[in-house]
>>> print(open('run_13.tsv').read())   # TSV, C-alpha atoms
chain	number	residue	atom	x	y	z
A	1	MET	CA	0.00	0.00	0.00
A	2	ALA	CA	2.86	2.35	0.78
A	3	THR	CA	4.21	1.96	-2.77
A	4	ALA	CA	0.78	2.58	-4.33
A	5	LYS	CA	0.38	5.72	-2.26
A	6	TYR	CA	3.84	6.85	-3.25
A	7	ILE	CA	3.00	6.49	-6.94
A	8	GLU	CA	-0.37	8.21	-6.53
A	9	ASP	CA	1.38	11.22	-5.05
A	10	PHE	CA	3.19	11.73	-8.35
A	11	ARG	CA	-0.01	11.38	-10.38
A	12	ASP	CA	-2.08	13.83	-8.39
A	13	GLY	CA	-4.58	15.49	-10.75
A	14	PRO	CA	-4.87	18.95	-9.16
A	15	ARG	CA	-1.11	19.30	-8.84
A	16	ALA	CA	-0.65	18.19	-12.44
A	17	ARG	CA	-3.20	20.80	-13.56
A	18	ALA	CA	-1.35	23.47	-11.55
A	19	LEU	CA	1.93	22.57	-13.29
A	20	ALA	CA	0.19	22.59	-16.68
A	21	ASP	CA	-1.29	26.02	-15.92
A	22	ALA	CA	2.17	27.27	-14.93
A	23	LEU	CA	3.49	25.99	-18.26
A	24	LEU	CA	0.74	27.82	-20.15
A	25	GLY	CA	1.55	31.00	-18.23
A	26	GLU	CA	5.28	30.73	-18.96
A	27	MET	CA	4.70	30.14	-22.67
A	28	GLU	CA	2.07	32.86	-23.09
A	29	GLY	CA	3.38	35.57	-25.36
A	30	THR	CA	6.52	33.56	-26.16
A	31	SER	CA	7.58	33.88	-29.76
A	32	GLY	CA	8.34	30.77	-31.75
A	33	THR	CA	7.98	27.17	-30.69
A	34	CYS	CA	9.91	25.53	-27.87
A	35	ARG	CA	11.32	22.17	-28.97
A	36	PHE	CA	12.56	19.69	-26.38
A	37	MET	CA	13.66	16.12	-27.00
A	38	GLU	CA	12.65	13.44	-24.52
A	39	VAL	CA	15.55	11.04	-24.90
A	40	CYS	CA	14.09	8.03	-23.14
A	41	GLY	CA	11.52	5.68	-24.63
A	42	THR	CA	9.84	5.38	-21.24
A	43	HIS	CA	9.36	9.18	-21.24
A	44	THR	CA	7.83	8.90	-24.71
A	45	MET	CA	5.38	6.25	-23.58
A	46	ALA	CA	4.55	8.09	-20.34
A	47	ALA	CA	3.88	11.35	-22.20
A	48	PHE	CA	1.16	9.58	-24.17
A	49	ARG	CA	-0.11	7.26	-21.47
A	50	PHE	CA	-0.68	10.03	-18.89
A	51	GLY	CA	-2.02	12.55	-21.40
A	52	ILE	CA	0.90	14.92	-20.81
A	53	ARG	CA	1.10	15.92	-24.46
A	54	SER	CA	-2.50	17.09	-24.35
A	55	LEU	CA	-1.65	19.42	-21.45
A	56	LEU	CA	1.20	21.19	-23.24
A	57	PRO	CA	0.84	24.65	-24.80
A	58	ALA	CA	0.48	24.68	-28.58
A	59	ASN	CA	3.86	26.39	-28.95
A	60	LEU	CA	5.74	23.70	-27.00
A	61	LYS	CA	6.70	20.53	-28.84
A	62	LEU	CA	8.14	17.28	-27.50
A	63	LEU	CA	10.28	15.26	-29.90
A	64	SER	CA	11.15	11.63	-29.34
A	65	GLY	CA	14.81	10.67	-29.35
A	66	PRO	CA	17.05	7.59	-29.57
A	67	GLY	CA	16.29	6.24	-26.09
A	68	CYS	CA	14.58	2.97	-26.93
A	69	PRO	CA	17.21	0.21	-26.63
A	70	VAL	CA	15.47	-2.19	-28.99
A	71	CYS	CA	14.75	0.51	-31.57
A	72	VAL	CA	18.36	1.65	-31.93
A	73	THR	CA	19.73	-1.89	-32.29
A	74	PRO	CA	20.58	-2.20	-35.99
A	75	THR	CA	19.39	-4.88	-38.37
A	76	SER	CA	22.96	-6.16	-38.70
A	77	TYR	CA	22.97	-7.11	-35.00
A	78	ILE	CA	19.69	-8.99	-35.36
A	79	ASP	CA	21.19	-10.87	-38.31
A	80	THR	CA	24.19	-11.99	-36.24
A	81	ALA	CA	21.90	-13.02	-33.36
A	82	LEU	CA	19.99	-15.15	-35.86
A	83	GLU	CA	23.29	-16.67	-36.98
A	84	CYS	CA	23.92	-17.73	-33.37
A	85	ALA	CA	20.39	-19.13	-33.03
A	86	ARG	CA	20.93	-21.39	-36.05
A	87	GLY	CA	24.00	-23.03	-34.49
A	88	GLU	CA	24.10	-26.59	-33.11
A	89	LYS	CA	23.47	-26.86	-29.37
A	90	VAL	CA	23.13	-23.11	-29.00
A	91	ILE	CA	20.56	-21.41	-26.79
A	92	VAL	CA	19.89	-17.72	-27.47
A	93	ALA	CA	18.67	-16.05	-24.28
A	94	THR	CA	17.07	-12.64	-24.60
A	95	PHE	CA	14.64	-10.13	-23.21
A	96	GLY	CA	11.23	-10.55	-24.81
A	97	ASP	CA	11.25	-7.26	-26.76
A	98	MET	CA	13.92	-8.60	-29.10
A	99	LEU	CA	11.92	-11.57	-30.34
A	100	ARG	CA	9.89	-9.83	-33.05
A	101	VAL	CA	12.44	-7.25	-34.22
A	102	PRO	CA	12.95	-7.99	-37.91
A	103	GLY	CA	16.36	-8.88	-39.27
A	104	THR	CA	17.11	-8.73	-42.97
A	105	GLU	CA	15.22	-11.95	-43.73
A	106	SER	CA	13.94	-13.36	-40.44
A	107	SER	CA	13.45	-12.73	-36.72
A	108	LEU	CA	14.15	-14.64	-33.53
A	109	VAL	CA	10.51	-15.58	-33.15
A	110	LEU	CA	10.46	-17.02	-36.68
A	111	GLU	CA	13.67	-18.95	-36.08
A	112	ARG	CA	12.21	-20.33	-32.85
A	113	ALA	CA	9.18	-21.53	-34.80
A	114	ARG	CA	11.61	-23.28	-37.16
A	115	GLY	CA	13.26	-25.13	-34.28
A	116	ALA	CA	15.92	-22.77	-32.91
A	117	ASP	CA	16.31	-22.72	-29.13
A	118	VAL	CA	15.44	-19.12	-28.25
A	119	ARG	CA	14.36	-18.43	-24.67
A	120	VAL	CA	13.04	-15.29	-22.98
A	121	MET	CA	14.91	-14.24	-19.84
A	122	TYR	CA	14.07	-11.73	-17.15
A	123	SER	CA	17.70	-11.02	-16.27
A	124	PRO	CA	21.25	-11.85	-17.43
A	125	MET	CA	21.64	-13.91	-14.25
A	126	ASP	CA	18.82	-16.16	-15.45
A	127	ALA	CA	20.85	-16.84	-18.59
A	128	LEU	CA	23.91	-17.53	-16.45
A	129	GLU	CA	21.96	-20.07	-14.38
A	130	LEU	CA	20.70	-21.66	-17.60
A	131	ALA	CA	24.28	-22.10	-18.77
A	132	GLY	CA	25.09	-23.81	-15.49
A	133	ARG	CA	22.15	-26.19	-15.81
A	134	GLU	CA	22.84	-27.09	-19.45
A	135	PRO	CA	26.63	-27.46	-19.80
A	136	GLU	CA	26.32	-29.27	-23.14
A	137	SER	CA	24.88	-26.14	-24.77
A	138	ARG	CA	26.43	-22.76	-25.47
A	139	VAL	CA	24.19	-20.02	-24.04
A	140	VAL	CA	24.32	-16.64	-25.80
A	141	PHE	CA	22.73	-13.72	-23.95
A	142	LEU	CA	21.81	-10.75	-26.13
A	143	GLY	CA	23.36	-7.77	-24.37
A	144	VAL	CA	21.20	-4.94	-25.65
A	145	GLY	CA	20.46	-1.65	-23.94
A	146	PHE	CA	22.06	1.43	-22.44
A	147	GLU	CA	23.94	2.25	-19.25
A	148	THR	CA	20.85	1.07	-17.37
A	149	THR	CA	21.05	-2.60	-18.28
A	150	ALA	CA	24.78	-2.94	-18.89
A	151	PRO	CA	25.74	-3.20	-15.16
A	152	ALA	CA	23.54	-6.29	-14.72
A	153	VAL	CA	25.20	-7.89	-17.74
A	154	ALA	CA	28.61	-6.96	-16.37
A	155	ALA	CA	27.72	-8.60	-13.05
A	156	ALA	CA	26.71	-11.79	-14.88
A	157	VAL	CA	30.01	-11.87	-16.78
A	158	VAL	CA	32.01	-11.41	-13.58
A	159	GLU	CA	30.04	-14.23	-11.97
A	160	ALA	CA	30.54	-16.48	-15.01
A	161	ARG	CA	34.29	-15.94	-14.75
A	162	ARG	CA	34.22	-16.65	-11.02
A	163	ARG	CA	32.37	-19.92	-11.61
A	164	GLY	CA	34.58	-20.89	-14.53
A	165	LEU	CA	31.64	-21.26	-16.91
A	166	GLY	CA	32.91	-21.84	-20.42
A	167	ASN	CA	29.53	-22.00	-22.15
A	168	PHE	CA	28.15	-18.55	-21.28
A	169	PHE	CA	28.58	-15.76	-23.82
A	170	VAL	CA	27.29	-12.23	-24.31
A	171	HIS	CA	26.53	-10.85	-27.76
A	172	CYS	CA	27.30	-7.31	-26.77
A	173	ALA	CA	25.51	-4.30	-28.28
A	174	HIS	CA	25.35	-2.01	-25.27
A	175	LYS	CA	25.27	1.68	-26.04
A	176	LEU	CA	26.00	4.96	-24.29
A	177	ILE	CA	23.43	7.75	-24.39
A	178	PRO	CA	25.56	10.94	-24.13
A	179	PRO	CA	27.50	10.28	-27.38
A	180	ALA	CA	24.19	9.78	-29.20
A	181	MET	CA	22.87	13.08	-27.83
A	182	ARG	CA	26.05	14.76	-29.03
A	183	ALA	CA	25.67	13.17	-32.48
A	184	ILE	CA	22.09	14.42	-32.84
A	185	VAL	CA	23.04	17.96	-31.84
A	186	GLU	CA	26.13	18.10	-34.04
A	187	SER	CA	24.30	16.68	-37.06
A	188	GLY	CA	22.32	19.92	-37.31
A	189	GLU	CA	19.31	18.00	-38.61
A	190	VAL	CA	16.96	19.07	-35.86
A	191	SER	CA	16.61	22.33	-33.97
A	192	LEU	CA	16.35	21.85	-30.20
A	193	ASP	CA	16.05	24.08	-27.15
A	194	GLY	CA	16.95	21.34	-24.72
A	195	PHE	CA	16.70	17.76	-23.52
A	196	LEU	CA	14.46	16.02	-21.02
A	197	CYS	CA	17.20	13.65	-19.87
A	198	PRO	CA	16.51	9.97	-19.22
A	199	ALA	CA	15.76	8.92	-15.65
A	200	HIS	CA	17.06	5.34	-15.61
A	201	VAL	CA	20.28	6.09	-17.48
A	202	SER	CA	20.90	9.15	-15.31
A	203	ALA	CA	20.59	7.03	-12.16
A	204	ILE	CA	23.74	5.25	-13.37
A	205	ILE	CA	25.78	8.00	-15.05
A	206	GLY	CA	24.58	10.99	-12.98
A	207	ALA	CA	23.27	14.41	-13.98
A	208	ASP	CA	26.78	15.80	-14.46
A	209	ALA	CA	27.18	13.62	-17.57
A	210	TYR	CA	25.13	16.13	-19.60
A	211	ARG	CA	27.14	19.24	-18.76
A	212	PHE	CA	28.85	19.21	-22.16
A	213	LEU	CA	25.48	19.90	-23.80
A	214	ALA	CA	24.99	23.07	-21.77
A	215	GLN	CA	28.61	24.22	-21.94
A	216	GLU	CA	29.43	23.39	-25.57
A	217	HIS	CA	26.02	23.65	-27.24
A	218	SER	CA	24.04	26.03	-24.99
A	219	LEU	CA	21.27	23.47	-24.56
A	220	SER	CA	19.16	23.18	-21.42
A	221	CYS	CA	19.03	19.78	-19.75
A	222	VAL	CA	16.70	18.57	-17.00
A	223	VAL	CA	16.71	15.05	-15.58
A	224	ALA	CA	13.13	13.96	-14.90
A	225	GLY	CA	11.37	10.87	-13.60
A	226	PHE	CA	8.60	9.03	-15.40
A	227	GLU	CA	5.54	10.01	-13.38
A	228	THR	CA	3.18	12.79	-14.44
A	229	LEU	CA	4.38	15.39	-11.96
A	230	ASP	CA	8.03	14.48	-12.63
A	231	MET	CA	7.70	15.10	-16.34
A	232	LEU	CA	5.61	18.27	-16.09
A	233	ALA	CA	8.00	19.73	-13.51
A	234	GLY	CA	10.96	18.85	-15.74
A	235	ILE	CA	9.39	20.48	-18.79
A	236	LEU	CA	8.54	23.58	-16.75
A	237	MET	CA	12.15	23.85	-15.63
A	238	LEU	CA	13.30	23.61	-19.26
A	239	VAL	CA	10.89	26.37	-20.28
A	240	ARG	CA	12.03	28.64	-17.48
A	241	GLN	CA	15.67	28.14	-18.44
A	242	ARG	CA	14.83	29.12	-21.99
A	243	LYS	CA	12.99	32.24	-20.86
A	244	ARG	CA	15.95	33.25	-18.71
A	245	GLY	CA	18.28	32.68	-21.63
A	246	GLU	CA	20.21	30.08	-19.64
A	247	ALA	CA	21.56	26.66	-20.47
A	248	SER	CA	22.37	24.47	-17.51
A	249	VAL	CA	21.82	20.98	-16.13
A	250	GLU	CA	19.08	20.64	-13.50
A	251	ASN	CA	17.89	17.58	-11.68
A	252	ALA	CA	14.14	17.14	-11.13
A	253	TYR	CA	14.66	13.53	-10.04
A	254	SER	CA	17.00	14.07	-7.11
A	255	ARG	CA	15.25	11.38	-5.08
A	256	VAL	CA	17.02	8.86	-7.35
A	257	VAL	CA	19.70	10.60	-9.43
A	258	ARG	CA	22.92	11.96	-7.94
A	259	PRO	CA	25.24	14.39	-9.71
A	260	GLU	CA	28.00	11.79	-9.89
A	261	GLY	CA	25.76	8.77	-10.61
A	262	ASN	CA	25.99	5.31	-9.11
A	263	ARG	CA	29.68	4.74	-8.43
A	264	ALA	CA	29.30	1.01	-7.75
A	265	ALA	CA	27.57	0.45	-11.10
A	266	LEU	CA	30.08	2.65	-12.93
A	267	SER	CA	32.98	0.71	-11.37
A	268	LEU	CA	31.42	-2.54	-12.58
A	269	LEU	CA	31.11	-1.15	-16.12
A	270	GLU	CA	34.75	-0.05	-16.06
A	271	GLU	CA	35.80	-3.49	-14.83
A	272	VAL	CA	34.09	-5.49	-17.60
A	273	PHE	CA	33.71	-3.18	-20.60
A	274	GLU	CA	35.74	-0.75	-22.63
A	275	PRO	CA	34.25	1.99	-24.80
A	276	GLY	CA	34.31	1.64	-28.57
A	277	ASP	CA	32.47	2.62	-31.72
A	278	ALA	CA	28.92	1.34	-32.15
A	279	GLU	CA	26.36	1.30	-34.93
A	280	TRP	CA	22.94	2.75	-34.15
A	281	ARG	CA	19.83	2.23	-36.22
A	282	GLY	CA	19.18	5.54	-37.91
A	283	LEU	CA	22.26	7.28	-36.57
A	284	GLY	CA	24.99	5.13	-38.11
A	285	LYS	CA	28.33	4.50	-36.42
A	286	ILE	CA	28.97	6.86	-33.49
A	287	PRO	CA	32.53	6.99	-32.12
A	288	GLY	CA	32.88	5.93	-28.49
A	289	SER	CA	29.18	5.17	-28.11
A	290	GLY	CA	29.39	1.43	-27.46
A	291	LEU	CA	30.55	-0.91	-24.73
A	292	HIS	CA	32.72	-3.89	-25.69
A	293	LEU	CA	33.97	-6.65	-23.42
A	294	SER	CA	37.48	-5.85	-22.24
A	295	GLU	CA	40.45	-8.15	-22.84
A	296	LYS	CA	40.07	-9.66	-19.37
A	297	TYR	CA	36.55	-10.87	-20.22
A	298	ARG	CA	36.96	-11.48	-23.97
A	299	ALA	CA	36.43	-15.24	-23.48
A	300	PHE	CA	32.74	-14.48	-22.89
A	301	ASP	CA	32.31	-12.52	-26.12
A	302	ALA	CA	29.90	-14.27	-28.50
A	303	ALA	CA	31.34	-12.33	-31.44
A	304	GLU	CA	34.71	-14.00	-30.81
A	305	GLU	CA	33.30	-17.46	-30.03
A	306	PHE	CA	31.06	-17.58	-33.14
A	307	GLU	CA	33.33	-15.41	-35.35
A	308	LEU	CA	30.43	-13.07	-36.03
A	309	GLU	CA	30.89	-10.38	-38.64
A	310	ALA	CA	28.06	-7.93	-39.16
A	311	ALA	CA	27.15	-7.07	-42.73
A	312	PRO	CA	25.92	-3.53	-43.50
A	313	SER	CA	22.39	-2.98	-42.24
A	314	GLN	CA	19.52	-2.80	-44.70
A	315	GLU	CA	16.39	-1.12	-43.38
A	316	PRO	CA	12.96	-2.16	-44.69
A	317	GLN	CA	11.99	-0.17	-47.77
A	318	GLY	CA	9.92	2.87	-46.87
A	319	CYS	CA	10.52	2.52	-43.09
A	320	LEU	CA	11.29	5.82	-41.32
A	321	CYS	CA	12.48	4.39	-37.99
A	322	GLY	CA	15.87	6.04	-38.49
A	323	GLU	CA	14.39	9.49	-39.06
A	324	ILE	CA	12.02	9.04	-36.10
A	325	LEU	CA	14.92	8.10	-33.80
A	326	ARG	CA	16.74	11.28	-34.85
A	327	GLY	CA	13.70	13.46	-34.17
A	328	VAL	CA	13.39	14.62	-37.79
A	329	ALA	CA	10.15	12.71	-38.47
A	330	GLU	CA	7.15	11.49	-36.51
A	331	PRO	CA	5.38	8.16	-36.98
A	332	PRO	CA	2.47	9.59	-39.02
A	333	ASP	CA	5.08	10.85	-41.53
A	334	CYS	CA	6.01	7.23	-42.32
A	335	PRO	CA	4.16	5.79	-45.33
A	336	LEU	CA	4.03	2.38	-43.60
A	337	PHE	CA	2.62	3.58	-40.26
A	338	ASP	CA	-0.82	2.17	-39.44
A	339	LYS	CA	-0.98	0.66	-42.92
A	340	THR	CA	1.42	-2.22	-43.50
A	341	CYS	CA	3.24	-1.57	-40.19
A	342	THR	CA	1.15	-2.25	-37.07
A	343	PRO	CA	1.85	-3.84	-33.65
A	344	GLU	CA	0.46	-7.10	-35.01
A	345	ASN	CA	2.70	-6.93	-38.09
A	346	PRO	CA	5.64	-4.67	-37.22
A	347	ILE	CA	7.99	-3.76	-40.04
A	348	GLY	CA	10.18	-1.33	-38.13
A	349	ALA	CA	11.71	-1.70	-34.66
A	350	CYS	CA	9.92	1.42	-33.37
A	351	MET	CA	6.61	-0.43	-33.75
A	352	VAL	CA	7.89	-3.58	-32.01
A	353	SER	CA	9.24	-2.26	-28.75
A	354	SER	CA	7.05	-1.41	-25.77
A	355	GLU	CA	9.08	1.82	-25.59
A	356	GLY	CA	8.97	2.52	-29.32
A	357	THR	CA	7.69	5.86	-30.57
A	358	CYS	CA	5.57	4.28	-33.30
A	359	ALA	CA	4.02	1.88	-30.78
A	360	ALA	CA	3.20	4.84	-28.51
A	361	PHE	CA	1.63	6.84	-31.35
A	362	TYR	CA	-0.32	3.81	-32.54
A	363	ARG	CA	-1.67	3.04	-29.08
A	364	TYR	CA	-2.42	6.50	-27.71
A	365	ALA	CA	-2.41	9.24	-30.35
A	366	GLU	CA	-5.57	10.30	-32.14
A	367	ARG	CA	-5.42	9.19	-35.78
>>> encode(input="run_13.tsv", output="structure tokens")
Amino acid sequence: MATAKYIEDFRDGPRARALADALLGEMEGTSGTCRFMEVCGTHTMAAFRFGIRSLLPANLKLLSGPGCPVCVTPTSYIDTALECARGEKVIVATFGDMLRVPGTESSLVLERARGADVRVMYSPMDALELAGREPESRVVFLGVGFETTAPAVAAAVVEARRRGLGNFFVHCAHKLIPPAMRAIVESGEVSLDGFLCPAHVSAIIGADAYRFLAQEHSLSCVVAGFETLDMLAGILMLVRQRKRGEASVENAYSRVVRPEGNRAALSLLEEVFEPGDAEWRGLGKIPGSGLHLSEKYRAFDAAEEFELEAAPSQEPQGCLCGEILRGVAEPPDCPLFDKTCTPENPIGACMVSSEGTCAAFYRYAER
């Protein structure tokens, strides 16, 4: 009951209306349109689910960014995961969102229907335990996601090494959010006034990780939680920064996020991974935006074990997932949206994921 009450406090209707009224007051008489990017897919979904978009002034626009871990995983990675799944005595262990993401010619759910051993896991440790129970098989965990999920994968790898497991591998595609934010800003494709910074990622890396955006690009940044009052308060803080002509990093989620982040989680990442280049769906290869297993833990790298080599990604014809992830298009702009691409028959990753922008538009937006 205490948890339910705690959540209700952050969804209080009168307080939400007061914040929305304050937003309207701040934006009244403002010239031009304020454009903020919500980086996290959970923010995107919450903005629709709680009706936050309907409370915003007409001259304030929220753009979705590259913060859905499934959406930004490129087709080439799916293809190499399928290559693993087709191997003899191989079990591919993955979070459920990855099952229906299309590769070039197939998907994990299709390969499972054809006889591949693909299993849904709730944590990397579950995959580790599976490897311990089935020593005759090689278990490949799909390491997808940002700074939020990477520490749990790192902990599993450390534990696998401690136990001496030789049949547990990670197909690593972890990504770092700040380099992607930098790439979007420096591309010049989209005009932004600031970022609503991701809550989960910020709990790991800390609010200070965004200071380069304020200092080098004069962009406002506010870390916000996922509840209604969190998001409205965060957007209001962004608007007030803009009106004052300031660009700084503020933290509207201080009950969880510290300036320096979670040092224990960061130490674990430094122990197991090393930064490197990574390919993002829609954004291409971004220098220093990926996490690769370090030399000490290279024996657990599925890419080494299976000699995986990713071919160039080929996106489905007509699909605008890449443009949507960069904030230069919205789902209704895509010729496939709500026609050939639906949650029942997803063509692009943004329609598959529970945090995908297309899935959010399809489920909640008026069409």
>>> atom_distance(input="run_13.tsv", atom1="atom CA of Arg211 of chain A", atom2="atom CA of Ser248 of chain A")
7.2 Å
>>> residues_around(input="run_13.tsv", residues="segment 45-59 of chain A", least_positions_apart="2", cutoff="7 Å", atoms="all atoms listed in the file", output="number ranges by chain")
A: 20, 24, 32-34, 41-43, 61, 226, 228, 355, 360, 364
>>> closest_residue(input="run_13.tsv", among="A:Gly206, A:Gly188, A:Pro102, A:Gly194", to="Gln241 of chain A", atoms="only C-alpha atoms")
A:Gly194
>>> closest_atom_pairs(input="run_13.tsv", of="segment 91-206 of chain A", to="segment 280-291 of chain A", cutoff="12 Å", atoms="only C-alpha atoms", output="CSV")
residue,atom,partner,partner_atom,distance
A:Gly143,CA,A:Leu291,CA,9.9
A:Val144,CA,A:Leu291,CA,10.2
A:Gly145,CA,A:Gly290,CA,10.1
A:Phe146,CA,A:Gly290,CA,8.9
A:Glu147,CA,A:Leu291,CA,9.1
A:Thr149,CA,A:Leu291,CA,11.6
A:Ala150,CA,A:Leu291,CA,8.5
A:Pro151,CA,A:Leu291,CA,11.0
A:Val153,CA,A:Leu291,CA,11.2
A:Ala154,CA,A:Leu291,CA,10.5
A:Val170,CA,A:Leu291,CA,11.8
A:His171,CA,A:Leu291,CA,11.1
A:Cys172,CA,A:Leu291,CA,7.5
A:Ala173,CA,A:Gly290,CA,7.0
A:His174,CA,A:Leu291,CA,5.3
A:Lys175,CA,A:Gly290,CA,4.4
A:Leu176,CA,A:Ser289,CA,5.0
A:Ile177,CA,A:Ser289,CA,7.3
A:Pro178,CA,A:Ser289,CA,7.9
A:Pro179,CA,A:Ser289,CA,5.4
A:Ala180,CA,A:Ser289,CA,6.9
A:Met181,CA,A:Ser289,CA,10.1
A:Arg182,CA,A:Ile286,CA,9.5
A:Ala183,CA,A:Ile286,CA,7.2
A:Ile184,CA,A:Leu283,CA,8.1
A:Val185,CA,A:Leu283,CA,11.7
A:Glu186,CA,A:Ile286,CA,11.6
A:Ser187,CA,A:Leu283,CA,9.6
A:Glu189,CA,A:Leu283,CA,11.3
>>> closest_residue(input="run_13.tsv", among="A:Ser123, A:Asn167, A:Thr342, A:Ser267", to="Ala302 of chain A", atoms="only C-alpha atoms")
A:Asn167
>>> atom_distance(input="run_13.tsv", atom1="atom CA of Gly67 of chain A", atom2="atom CA of Thr148 of chain A")
11.1 Å
>>> residues_near_point(input="run_13.tsv", point="(5.6, 5.6, -35.6)", cutoff="6 Å", atoms="all atoms listed in the file", output="mmCIF file with C-alpha atoms, in the frame of the given file")
data_model
loop_
_atom_site.group_PDB
_atom_site.id
_atom_site.type_symbol
_atom_site.label_atom_id
_atom_site.label_comp_id
_atom_site.auth_asym_id
_atom_site.auth_seq_id
_atom_site.Cartn_x
_atom_site.Cartn_y
_atom_site.Cartn_z
ATOM 1 C CA PRO A 331 5.380 8.160 -36.980
ATOM 2 C CA PHE A 337 2.620 3.580 -40.260
ATOM 3 C CA THR A 357 7.690 5.860 -30.570
ATOM 4 C CA CYS A 358 5.570 4.280 -33.300
ATOM 5 C CA PHE A 361 1.630 6.840 -31.350
#
>>> closest_residue(input="run_13.tsv", among="A:Val352, A:Val257, A:Leu232, A:Ile204", to="Gly96 of chain A", atoms="only C-alpha atoms")
A:Val352
>>> residues_around(input="run_13.tsv", residues="Tyr253 of chain A", least_positions_apart="2", cutoff="9 Å", atoms="all atoms listed in the file", output="PDB file with C-alpha atoms, in the coordinates of the input")
ATOM      1  CA  ALA A 199      15.760   8.920 -15.650  1.00  0.00           C
ATOM      2  CA  VAL A 222      16.700  18.570 -17.000  1.00  0.00           C
ATOM      3  CA  VAL A 223      16.710  15.050 -15.580  1.00  0.00           C
ATOM      4  CA  ALA A 224      13.130  13.960 -14.900  1.00  0.00           C
ATOM      5  CA  GLY A 225      11.370  10.870 -13.600  1.00  0.00           C
ATOM      6  CA  ASP A 230       8.030  14.480 -12.630  1.00  0.00           C
ATOM      7  CA  GLY A 234      10.960  18.850 -15.740  1.00  0.00           C
ATOM      8  CA  ASN A 251      17.890  17.580 -11.680  1.00  0.00           C
ATOM      9  CA  ARG A 255      15.250  11.380  -5.080  1.00  0.00           C
ATOM     10  CA  VAL A 256      17.020   8.860  -7.350  1.00  0.00           C
ATOM     11  CA  VAL A 257      19.700  10.600  -9.430  1.00  0.00           C
ATOM     12  CA  ARG A 258      22.920  11.960  -7.940  1.00  0.00           C
TER      13      ARG A 258
END
>>> build_atoms(input="run_13.tsv", residues="segment 307-320 of chain A", atoms="N, CA and C atoms", output="PDB file, in the coordinates of the input")
ATOM      1  N   GLU A 307      32.695 -16.128 -34.228  1.00  0.00           N
ATOM      2  CA  GLU A 307      33.330 -15.410 -35.350  1.00  0.00           C
ATOM      3  C   GLU A 307      32.283 -14.633 -36.136  1.00  0.00           C
ATOM      4  N   LEU A 308      31.517 -13.833 -35.412  1.00  0.00           N
ATOM      5  CA  LEU A 308      30.430 -13.070 -36.030  1.00  0.00           C
ATOM      6  C   LEU A 308      30.982 -11.829 -36.719  1.00  0.00           C
ATOM      7  N   GLU A 309      30.525 -11.604 -37.923  1.00  0.00           N
ATOM      8  CA  GLU A 309      30.890 -10.380 -38.640  1.00  0.00           C
ATOM      9  C   GLU A 309      29.610  -9.774 -39.196  1.00  0.00           C
ATOM     10  N   ALA A 310      29.308  -8.573 -38.746  1.00  0.00           N
ATOM     11  CA  ALA A 310      28.060  -7.930 -39.160  1.00  0.00           C
ATOM     12  C   ALA A 310      28.180  -7.352 -40.558  1.00  0.00           C
ATOM     13  N   ALA A 311      27.225  -7.687 -41.413  1.00  0.00           N
ATOM     14  CA  ALA A 311      27.150  -7.070 -42.730  1.00  0.00           C
ATOM     15  C   ALA A 311      26.464  -5.717 -42.601  1.00  0.00           C
ATOM     16  N   PRO A 312      26.612  -4.836 -43.576  1.00  0.00           N
ATOM     17  CA  PRO A 312      25.920  -3.530 -43.500  1.00  0.00           C
ATOM     18  C   PRO A 312      24.418  -3.720 -43.330  1.00  0.00           C
ATOM     19  N   SER A 313      23.825  -2.872 -42.496  1.00  0.00           N
ATOM     20  CA  SER A 313      22.390  -2.980 -42.240  1.00  0.00           C
ATOM     21  C   SER A 313      21.573  -2.525 -43.446  1.00  0.00           C
ATOM     22  N   GLN A 314      20.467  -3.211 -43.660  1.00  0.00           N
ATOM     23  CA  GLN A 314      19.520  -2.800 -44.700  1.00  0.00           C
ATOM     24  C   GLN A 314      18.153  -2.616 -44.044  1.00  0.00           C
ATOM     25  N   GLU A 315      17.680  -1.395 -43.998  1.00  0.00           N
ATOM     26  CA  GLU A 315      16.390  -1.120 -43.380  1.00  0.00           C
ATOM     27  C   GLU A 315      15.262  -1.474 -44.340  1.00  0.00           C
ATOM     28  N   PRO A 316      14.102  -1.856 -43.819  1.00  0.00           N
ATOM     29  CA  PRO A 316      12.960  -2.160 -44.690  1.00  0.00           C
ATOM     30  C   PRO A 316      12.621  -0.961 -45.584  1.00  0.00           C
ATOM     31  N   GLN A 317      12.288  -1.240 -46.818  1.00  0.00           N
ATOM     32  CA  GLN A 317      11.990  -0.170 -47.770  1.00  0.00           C
ATOM     33  C   GLN A 317      10.801   0.662 -47.283  1.00  0.00           C
ATOM     34  N   GLY A 318      10.992   1.963 -47.270  1.00  0.00           N
ATOM     35  CA  GLY A 318       9.920   2.870 -46.870  1.00  0.00           C
ATOM     36  C   GLY A 318       9.858   3.138 -45.378  1.00  0.00           C
ATOM     37  N   CYS A 319      10.575   2.377 -44.550  1.00  0.00           N
ATOM     38  CA  CYS A 319      10.520   2.520 -43.090  1.00  0.00           C
ATOM     39  C   CYS A 319      11.277   3.781 -42.655  1.00  0.00           C
ATOM     40  N   LEU A 320      10.658   4.586 -41.783  1.00  0.00           N
ATOM     41  CA  LEU A 320      11.290   5.820 -41.320  1.00  0.00           C
ATOM     42  C   LEU A 320      11.776   5.740 -39.873  1.00  0.00           C
TER      43      LEU A 320
END
